[in-house]
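Working notes, beginning with the structure itself.
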Amino acid sequence: MSRIGNNPIAIPEGVTIEVKENEITVKGKLGELTQDFSGVDVKVEDGQAFVTRPSDSKEHKAKHGLYRALILNMVKGVSQGWIKELELVGVGYRASNQGQKLDLALGFSHNIVFDLAPEVKVETISEKGKNPIVKLTSHDKQLVGHIAAKIRSFRKPEPYKGKGVKFVGEQLRRKAGKSA
């Protein structure tokens, strides 16, 4: 029995869900998202969406919870939006943005200029005495996560000093250095 898949999805005001054959479209104040689905049925009634599966086969059980979670993320995204914050830890690490171009100085011989998708809003926060923060905002959770992971991959945090690009609130596994 899928505990996640059986929970109904509450649809807030201002959000509409359309179900056509094998595609679901969620529209809200922040945008519109579509998702293909298979192996489950989606019904919308009384301000709630229900995901049901036709049988108890392993494939249907797996897809039941998956599509319910994806639809919930879409509903939250078009109503509230998703935010990812990255922190640049290291001497001389800087971030700035001009429109949709993110300019990162991460200790390499050259700056990294990263073009962002138009659906993602970027903001850089630089305060004196604190690490620079890159704030990504969008209605699409998958896209925001993918872009945040790509930016983090430019300079992953290393375990000795913790220098690199990390998520705000991320706990790093630290190692003790060589002791002479």
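All residue names refer to the structure tokens as shown: chains lettered A, B, ... in order, residues numbered from 1 in each chain, ligands numbered from 1 in order.
Near Val120 of chain A, within a cut-off of 6 Å and counting only C-alpha atoms, sit the residues Ala117, Thr137 and Ser138 of chain A, with same-chain residues fewer than 3 positions away left out.
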Original post:
Where in segment 20-178 of chain A does DSSP assign helix (DSSP H, G or I), given as an MDAnalysis selection string?
Top reply: chainID A and resid 58:79 141:153
Selected residues written out with C-alpha atoms, as an mmCIF file, in the first residue's frame:
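File produced: part-v2.cif:
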data_model
loop_
_atom_site.group_PDB
_atom_site.id
_atom_site.type_symbol
_atom_site.label_atom_id
_atom_site.label_comp_id
_atom_site.auth_asym_id
_atom_site.auth_seq_id
_atom_site.Cartn_x
_atom_site.Cartn_y
_atom_site.Cartn_z
ATOM 1 C CA LYS A 58 5.398 -3.534 -8.929
ATOM 2 C CA GLU A 59 5.523 -1.022 -11.816
ATOM 3 C CA HIS A 60 2.141 0.522 -10.935
ATOM 4 C CA LYS A 61 3.065 0.776 -7.243
ATOM 5 C CA ALA A 62 6.302 2.581 -8.105
ATOM 6 C CA LYS A 63 4.598 5.034 -10.464
ATOM 7 C CA HIS A 64 1.749 5.690 -8.009
ATOM 8 C CA GLY A 65 3.916 7.521 -5.464
ATOM 9 C CA LEU A 66 6.165 9.041 -8.144
ATOM 10 C CA TYR A 67 3.438 10.826 -10.087
ATOM 11 C CA ARG A 68 1.657 11.960 -6.941
ATOM 12 C CA ALA A 69 4.900 13.597 -5.741
ATOM 13 C CA LEU A 70 5.557 15.171 -9.159
ATOM 14 C CA ILE A 71 2.042 16.643 -9.322
ATOM 15 C CA LEU A 72 2.343 17.990 -5.751
ATOM 16 C CA ASN A 73 5.660 19.669 -6.686
ATOM 17 C CA MET A 74 4.007 21.203 -9.758
ATOM 18 C CA VAL A 75 1.090 22.552 -7.679
ATOM 19 C CA LYS A 76 3.452 24.026 -5.062
ATOM 20 C CA GLY A 77 5.646 25.495 -7.794
ATOM 21 C CA VAL A 78 2.925 27.397 -9.663
ATOM 22 C CA SER A 79 1.391 28.698 -6.415
ATOM 23 C CA LYS A 141 11.466 22.358 -9.072
ATOM 24 C CA GLN A 142 13.355 20.039 -11.423
ATOM 25 C CA LEU A 143 14.874 22.918 -13.389
ATOM 26 C CA VAL A 144 15.931 24.868 -10.272
ATOM 27 C CA GLY A 145 17.530 21.742 -8.772
ATOM 28 C CA HIS A 146 19.342 20.917 -12.005
ATOM 29 C CA ILE A 147 20.784 24.422 -12.382
ATOM 30 C CA ALA A 148 21.782 24.564 -8.692
ATOM 31 C CA ALA A 149 23.572 21.206 -9.027
ATOM 32 C CA LYS A 150 25.338 22.422 -12.185
ATOM 33 C CA ILE A 151 26.581 25.589 -10.414
ATOM 34 C CA ARG A 152 27.711 23.483 -7.413
ATOM 35 C CA SER A 153 29.627 21.145 -9.745
#
**OP:** Identify, on the basis of only C-alpha atoms, every residue whose closest approach to Thr25 of chain A does not exceed 10 Å; exclude the query and any residue fewer than 6 positions from it along the same chain; express the result as a list in words.
**Re:**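 Within the cut-off, the hits are Thr16, Ile17, Glu18, Val19, Glu32, Leu33, Thr34, Gln35, Asp36, Ile71, Met74 and Val75 of chain A.
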Could you give me, as CSV, every segment 57-87 of chain A residue with an atom at most 6 Å from segment 164-178 of chain A, plus its closest atom pair and distance in Å to one decimal, counting only C-alpha atoms, rows ordered by chain then number?
residue,atom,partner,partner_atom,distance
A:Glu85,CA,A:Val168,CA,5.6
A:Leu86,CA,A:Phe167,CA,4.4
A:Glu87,CA,A:Lys166,CA,5.3
**OP:** Write out as a list in words which residues come within 6 Å of Pro132 of chain A when counting only C-alpha atoms, dropping same-chain ones fewer than 3 positions away.
**Re:**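 Selected residues are Glu87, Leu88, Ile125 and Ser126 of chain A.
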Output C-alpha atoms for every residue in the selection just made, as a PDB file, in the first residue's frame.
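Done, and the output landed in selection18.pdb:
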ATOM      1  CA  GLU A  87      26.851  29.819  -0.714  1.00  0.00           C
ATOM      2  CA  LEU A  88      30.353  30.501  -2.075  1.00  0.00           C
ATOM      3  CA  ILE A 125      23.750  38.746  -2.421  1.00  0.00           C
ATOM      4  CA  SER A 126      27.176  40.056  -1.389  1.00  0.00           C
TER       5      SER A 126
END
Original post:
Quick one: of A:Val91, A:Val122, A:Ile4, A:Ile24, who's nearest to Ser38 of chain A, counting only C-alpha atoms?
Top reply: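 Of all the options, A:Ile24 lies closest to Ser38 of chain A.
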Original post:
So which one's closest to Glu123 of chain A, A:Lys156, A:Lys84, A:Phe108, A:Pro54? Using only C-alpha atoms, please.
Top reply: A:Lys84
**OP:** Kindly give the distance, in Å, that separates atom CA of Val15 of chain A and atom CA of Gly28 of chain A, rounded to a single decimal.
**Re:**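 A separation of 4.5 Å between them.
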